[in-house]
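J.: One file is attached below, run_2.cif, containing mmCIF, C-alpha atoms.
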```
data_start
#
loop_
_atom_site.label_atom_id
_atom_site.label_comp_id
_atom_site.auth_asym_id
_atom_site.auth_seq_id
_atom_site.Cartn_x
_atom_site.Cartn_y
_atom_site.Cartn_z
CA MET A 740 -21.08 -27.35 -114.57
CA LYS A 741 -23.23 -30.39 -113.83
CA THR A 742 -21.84 -33.16 -111.64
CA LEU A 743 -20.03 -35.76 -113.70
CA ARG A 744 -19.31 -39.41 -112.99
CA ALA A 745 -15.66 -40.12 -112.25
CA ASP A 746 -15.02 -41.66 -115.69
CA ALA A 747 -16.75 -38.77 -117.45
CA LEU A 748 -14.74 -36.29 -115.40
CA ARG A 749 -11.51 -38.06 -116.39
CA SER A 750 -12.54 -37.93 -120.06
CA ARG A 751 -13.30 -34.24 -119.77
CA GLU A 752 -9.93 -33.54 -118.12
CA ARG A 753 -8.11 -35.52 -120.85
CA ILE A 754 -9.94 -33.52 -123.52
CA VAL A 755 -8.98 -30.21 -121.88
CA ARG A 756 -5.31 -31.29 -121.58
CA ALA A 757 -5.23 -32.47 -125.21
CA ALA A 758 -6.89 -29.23 -126.34
CA GLU A 759 -4.40 -27.16 -124.37
CA ALA A 760 -1.51 -28.90 -126.14
CA ALA A 761 -3.20 -28.61 -129.54
CA PHE A 762 -3.99 -24.92 -129.02
CA ARG A 763 -0.36 -24.24 -128.10
CA ARG A 764 0.80 -25.90 -131.32
CA HIS A 765 -1.92 -24.85 -133.77
CA GLY A 766 -3.99 -22.12 -132.12
CA VAL A 767 -7.63 -22.35 -131.12
CA ASP A 768 -8.62 -23.51 -134.61
CA ALA A 769 -6.90 -26.87 -134.02
CA SER A 770 -8.85 -29.88 -135.24
CA LEU A 771 -11.45 -31.03 -132.71
CA GLU A 772 -11.24 -34.54 -134.11
CA ALA A 773 -7.48 -34.58 -133.54
CA ILE A 774 -8.02 -33.30 -129.99
CA ALA A 775 -10.51 -36.09 -129.32
CA LYS A 776 -8.09 -38.66 -130.71
CA ASP A 777 -5.19 -37.30 -128.60
CA ALA A 778 -7.45 -37.43 -125.53
CA GLY A 779 -8.32 -41.06 -126.28
CA VAL A 780 -12.02 -40.36 -126.71
CA GLY A 781 -14.40 -40.29 -129.63
CA SER A 782 -15.57 -37.12 -131.32
CA ALA A 783 -19.05 -37.65 -129.85
CA THR A 784 -17.61 -37.70 -126.33
CA LEU A 785 -15.80 -34.42 -126.96
CA HIS A 786 -19.02 -32.85 -128.25
CA ARG A 787 -21.02 -34.23 -125.33
CA HIS A 788 -18.70 -32.37 -122.93
CA PHE A 789 -18.25 -29.26 -125.08
CA ARG A 790 -21.16 -28.22 -127.29
CA SER A 791 -18.99 -25.74 -129.17
CA ARG A 792 -15.36 -24.91 -129.82
CA ARG A 793 -15.84 -21.76 -127.72
CA GLU A 794 -16.84 -23.87 -124.69
CA LEU A 795 -13.67 -25.93 -125.09
CA VAL A 796 -11.51 -22.82 -125.48
CA GLU A 797 -13.11 -21.36 -122.36
CA ALA A 798 -12.35 -24.52 -120.37
CA VAL A 799 -8.72 -24.48 -121.50
CA PHE A 800 -8.10 -20.80 -120.74
CA GLN A 801 -10.39 -20.28 -117.75
CA ASP A 802 -7.70 -20.57 -115.05
CA SER A 803 -5.00 -18.59 -116.84
CA THR A 804 -7.40 -15.80 -117.80
CA GLY A 805 -8.65 -15.71 -114.22
CA ALA A 806 -5.04 -15.33 -113.03
CA VAL A 807 -4.50 -12.39 -115.39
CA ALA A 808 -7.72 -10.80 -114.13
CA ALA A 809 -6.60 -11.29 -110.51
CA GLU A 810 -3.31 -9.57 -111.31
CA ALA A 811 -5.24 -6.27 -111.47
CA SER A 812 -5.66 -6.18 -107.69
CA ARG A 813 -1.97 -6.75 -107.05
CA LEU A 814 -0.96 -4.05 -109.51
CA ALA A 815 -3.47 -1.60 -108.01
CA ALA A 816 -1.91 -2.14 -104.59
CA GLU A 817 1.68 -1.72 -105.83
CA HIS A 818 1.45 1.12 -108.37
CA PRO A 819 -0.21 4.49 -108.87
CA PRO A 820 -3.48 4.24 -110.86
CA GLY A 821 -2.20 5.01 -114.39
CA PRO A 822 0.84 2.71 -114.24
CA ALA A 823 -1.26 -0.05 -112.60
CA LEU A 824 -3.69 0.09 -115.51
CA PHE A 825 -0.94 0.17 -118.12
CA HIS A 826 1.00 -2.74 -116.52
CA TRP A 827 -2.20 -4.75 -116.40
CA LEU A 828 -2.95 -4.07 -120.06
CA GLN A 829 0.56 -5.36 -120.86
CA ALA A 830 -0.23 -8.51 -118.85
CA VAL A 831 -3.44 -9.02 -120.87
CA LEU A 832 -1.52 -8.51 -124.11
CA ASP A 833 1.18 -10.97 -123.01
CA HIS A 834 -1.51 -13.53 -122.11
CA THR A 835 -3.28 -13.28 -125.46
CA LEU A 836 0.00 -13.34 -127.38
CA ALA A 837 1.18 -16.43 -125.49
CA ASN A 838 -2.05 -18.26 -126.31
CA ARG A 839 -2.39 -18.23 -130.07
CA GLY A 840 -5.92 -17.54 -131.19
CA LEU A 841 -7.24 -16.59 -127.75
CA ALA A 842 -7.88 -13.04 -128.94
CA THR A 843 -10.34 -14.38 -131.51
CA THR A 844 -12.45 -15.93 -128.76
CA LEU A 845 -12.59 -12.63 -126.87
CA VAL A 846 -14.59 -11.13 -129.74
CA PRO A 847 -18.31 -11.69 -129.14
CA ALA A 848 -20.02 -14.09 -131.52
CA ALA A 849 -22.93 -12.62 -133.51
CA ASP A 850 -25.50 -14.44 -131.35
CA GLU A 851 -23.98 -13.34 -128.03
CA HIS A 852 -25.00 -10.24 -126.13
CA HIS A 853 -21.50 -9.40 -124.91
CA GLY A 854 -18.07 -10.75 -124.26
CA GLY A 855 -18.35 -14.22 -125.75
CA PHE A 856 -15.82 -16.13 -123.71
CA CYS A 857 -16.69 -15.59 -120.04
CA GLY A 858 -13.01 -14.79 -119.49
CA HIS A 859 -13.89 -11.54 -121.23
CA ASP A 860 -16.31 -10.82 -118.38
CA ALA A 861 -13.53 -11.49 -115.83
CA LEU A 862 -11.22 -9.13 -117.70
CA GLU A 863 -13.92 -6.44 -117.82
CA ALA A 864 -14.51 -6.78 -114.07
CA ALA A 865 -10.76 -6.58 -113.40
CA VAL A 866 -10.05 -3.52 -115.52
CA ALA A 867 -13.07 -1.48 -114.40
CA PRO A 868 -11.65 -0.39 -111.00
CA LEU A 869 -8.23 0.24 -112.55
CA LEU A 870 -9.79 2.47 -115.17
CA VAL A 871 -11.93 4.36 -112.63
CA ALA A 872 -8.87 4.98 -110.43
CA ALA A 873 -6.75 6.14 -113.38
CA LYS A 874 -9.53 8.51 -114.52
CA GLY A 875 -9.87 9.83 -110.98
CA ALA A 876 -6.12 10.53 -110.88
CA GLY A 877 -6.33 12.39 -114.20
CA GLN A 878 -4.04 9.81 -115.83
CA VAL A 879 -6.62 8.56 -118.34
CA ARG A 880 -9.15 10.50 -120.38
CA ALA A 881 -12.55 10.66 -118.72
CA ASP A 882 -14.37 9.39 -121.83
CA VAL A 883 -12.43 6.08 -122.18
CA THR A 884 -14.59 3.00 -121.53
CA VAL A 885 -13.77 -0.50 -120.32
CA GLY A 886 -14.93 -1.90 -123.65
CA GLU A 887 -12.65 0.43 -125.60
CA VAL A 888 -9.60 -0.44 -123.50
CA LEU A 889 -10.13 -4.18 -123.90
CA SER A 890 -11.00 -3.81 -127.59
CA LEU A 891 -7.71 -2.02 -128.25
CA VAL A 892 -5.64 -4.69 -126.51
CA ASN A 893 -7.62 -7.40 -128.27
CA ALA A 894 -7.21 -5.72 -131.66
CA ILE A 895 -3.45 -5.57 -131.14
CA SER A 896 -3.45 -9.29 -130.27
CA LEU A 897 -5.55 -10.13 -133.33
CA LEU A 898 -3.15 -8.20 -135.55
CA ALA A 899 -0.15 -9.98 -134.02
CA ASP A 900 -1.86 -13.35 -134.63
CA HIS A 901 -2.08 -12.54 -138.34
CA ASP A 902 0.97 -10.33 -138.96
CA PRO A 903 4.32 -11.69 -137.76
CA GLY A 904 5.87 -8.29 -138.50
CA ALA A 905 3.60 -6.47 -136.06
CA ASP A 906 5.19 -5.04 -132.92
CA PRO A 907 2.45 -5.54 -130.31
CA GLU A 908 4.33 -3.86 -127.46
CA ARG A 909 4.89 -0.72 -129.55
CA LEU A 910 1.26 -0.71 -130.63
CA LEU A 911 0.13 -1.00 -127.02
CA GLY A 912 2.47 1.86 -126.10
CA LEU A 913 0.90 3.99 -128.82
CA ALA A 914 -2.57 3.08 -127.63
CA ILE A 915 -1.65 3.96 -124.05
CA THR A 916 -0.23 7.30 -125.13
CA GLY A 917 -3.58 7.94 -126.79
CA PHE A 918 -5.30 7.18 -123.47
CA GLY A 919 -3.63 10.18 -121.82
CA PRO A 920 -5.66 13.28 -120.99
CA ARG A 921 -6.21 15.68 -123.85
CA GLN A 922 -3.72 18.51 -123.73
CA CYS A 923 -5.75 20.75 -125.98
CA GLU A 924 -9.13 20.51 -127.62
CA GLN A 925 -9.25 20.43 -131.41
CA HIS A 926 -11.79 22.72 -133.01
#
```
Show the structure stored in the file as structure tokens.

T.:
Amino acid sequence: MKTLRADALRSRERIVRAAEAAFRRHGVDASLEAIAKDAGVGSATLHRHFRSRRELVEAVFQDSTGAVAAEASRLAAEHPPGPALFHWLQAVLDHTLANRGLATTLVPAADEHHGGFCGHDALEAAVAPLLVAAKGAGQVRADVTVGEVLSLVNAISLLADHDPGADPERLLGLAITGFGPRQCEQH
């Protein structure tokens, strides 16, 4: 991020705080104009700091997503490989469920090469060693990829965002059961 003058930095911080409150109430599709108004700035100021909604979402969720990513190391130190991975996936699910609409931003936009929200990159980096360790311990199928694991958790979150009757924890449990090593090959 470029160096900002003190007043510009204060404006940016007010925008991020107002967006965080708006996202909690309305999800990440909250009105940008309302966010600007709540921050006490004009719409042009908001857009000068954040060229897109995705940039604003990233600024709001950067720290909390980073904390979830960092949780992977703690879990790896405290649990065997498979349970560490599965506990971490639950933490990711909890994070996306607690932040309405966040799952949508974890889906790459059509013009992006991968990941979209750079928090996605942090999550990929965090899960990779957990997945390698779980594969090495024979607790996860050898053909499961980082992208597939995160896509499954994200898909569950997206479903929960749109279907109040969905049971995300059960769906994650079913997905995890599907991650187990194959007991027999189907012909």

J.: When the PyMOL selection byres ((chain A and resi 825) around 12) is applied to the file above, which residues end up in the set, as JSON, numbers by chain?

T.: {"A": [811, 814, 815, 818, 819, 820, 821, 822, 823, 824, 826, 827, 828, 829, 830, 831, 832, 866, 869, 870, 873, 878, 879, 888, 889, 892, 908, 911, 912, 913, 914, 915, 916, 917, 918, 919]}

J.: For atom CA of Ser782 of chain A and atom CA of Asn838 of chain A, determine how far apart the two atoms are, in Å to one decimal place.

T.: 23.7 Å

J.: May I ask which of the residues A:Lys776, A:Arg813, A:Arg839, A:Arg880 is the closest one to Arg753 of chain A, counting all atoms listed in the file?

T.: A:Lys776

J.: Could you list, as JSON, numbers by chain, every residue matched by the PyMOL selection byres ((chain A and resi 864) around 12) in this structure?

T.: {"A": [805, 807, 808, 809, 810, 811, 812, 854, 857, 858, 859, 860, 861, 862, 863, 865, 866, 867, 868, 869, 870, 871, 885, 886, 889]}

J.: Quick one, how far is atom CA of Gly779 of chain A from atom CA of Gly766 of chain A?

T.: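 Those two atoms sit 20.3 Å apart.
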
J.: With distances taken over only C-alpha atoms, which residue among A:Glu887, A:Asp768, A:Asp902, A:Asp802 lies nearest Thr844 of chain A?

T.: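 Looking at the shortest contact to Thr844 of chain A, the residue is A:Asp768.
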
J.: Any chance you could resolve the PyMOL selection byres ((chain A and resi 796) around 8) against this file and give the residues as a list in words?

T.: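 Here the PyMOL selection byres ((chain A and resi 796) around 8) matches Ala758, Val767, Arg792, Arg793, Glu794, Leu795, Glu797, Ala798, Val799, Phe800, Leu841 and Thr844 of chain A.
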
J.: From the list A:Ser803, A:Thr784, A:Ser750, A:Ser896, which residue is nearest Leu845 of chain A when using only C-alpha atoms?

T.: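 When distances to Leu845 of chain A are compared using only C-alpha atoms, the smallest one comes from A:Ser896.
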
J.: So which one's closest to His788 of chain A, A:Ala760, A:Ala773, A:Ala816, A:Leu748? Using only C-alpha atoms, please.

T.: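 Looking at the shortest contact to His788 of chain A, the residue is A:Leu748.
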
J.: Find the residues around Asp777 of chain A up to 12 Å (all atoms listed in the file counted), leave out those fewer than 6 positions away in its own chain, and share them as JSON, numbers by chain.

T.: {"A": [750, 753, 754, 755, 756, 757, 758, 759, 760, 761, 769, 770, 771, 785]}

J.: Between atom CA of Ala899 of chain A and atom CA of Leu836 of chain A, measure the distance and give it in Å to one decimal.

T.: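 Spanning atom CA of Ala899 of chain A to atom CA of Leu836 of chain A is a straight-line distance of 7.4 Å.
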
J.: Kindly provide, as lines of an AutoDock Vina configuration file, the centre and edge lengths (Å, one decimal) of an axis-aligned box around all atoms of segment 876-887 of chain A given in the file, with 8 Å on each side.

T.:
```
center_x = -9.5
center_y = 5.2
center_z = -118.2
size_x = 26.9
size_y = 30.3
size_z = 30.7
```
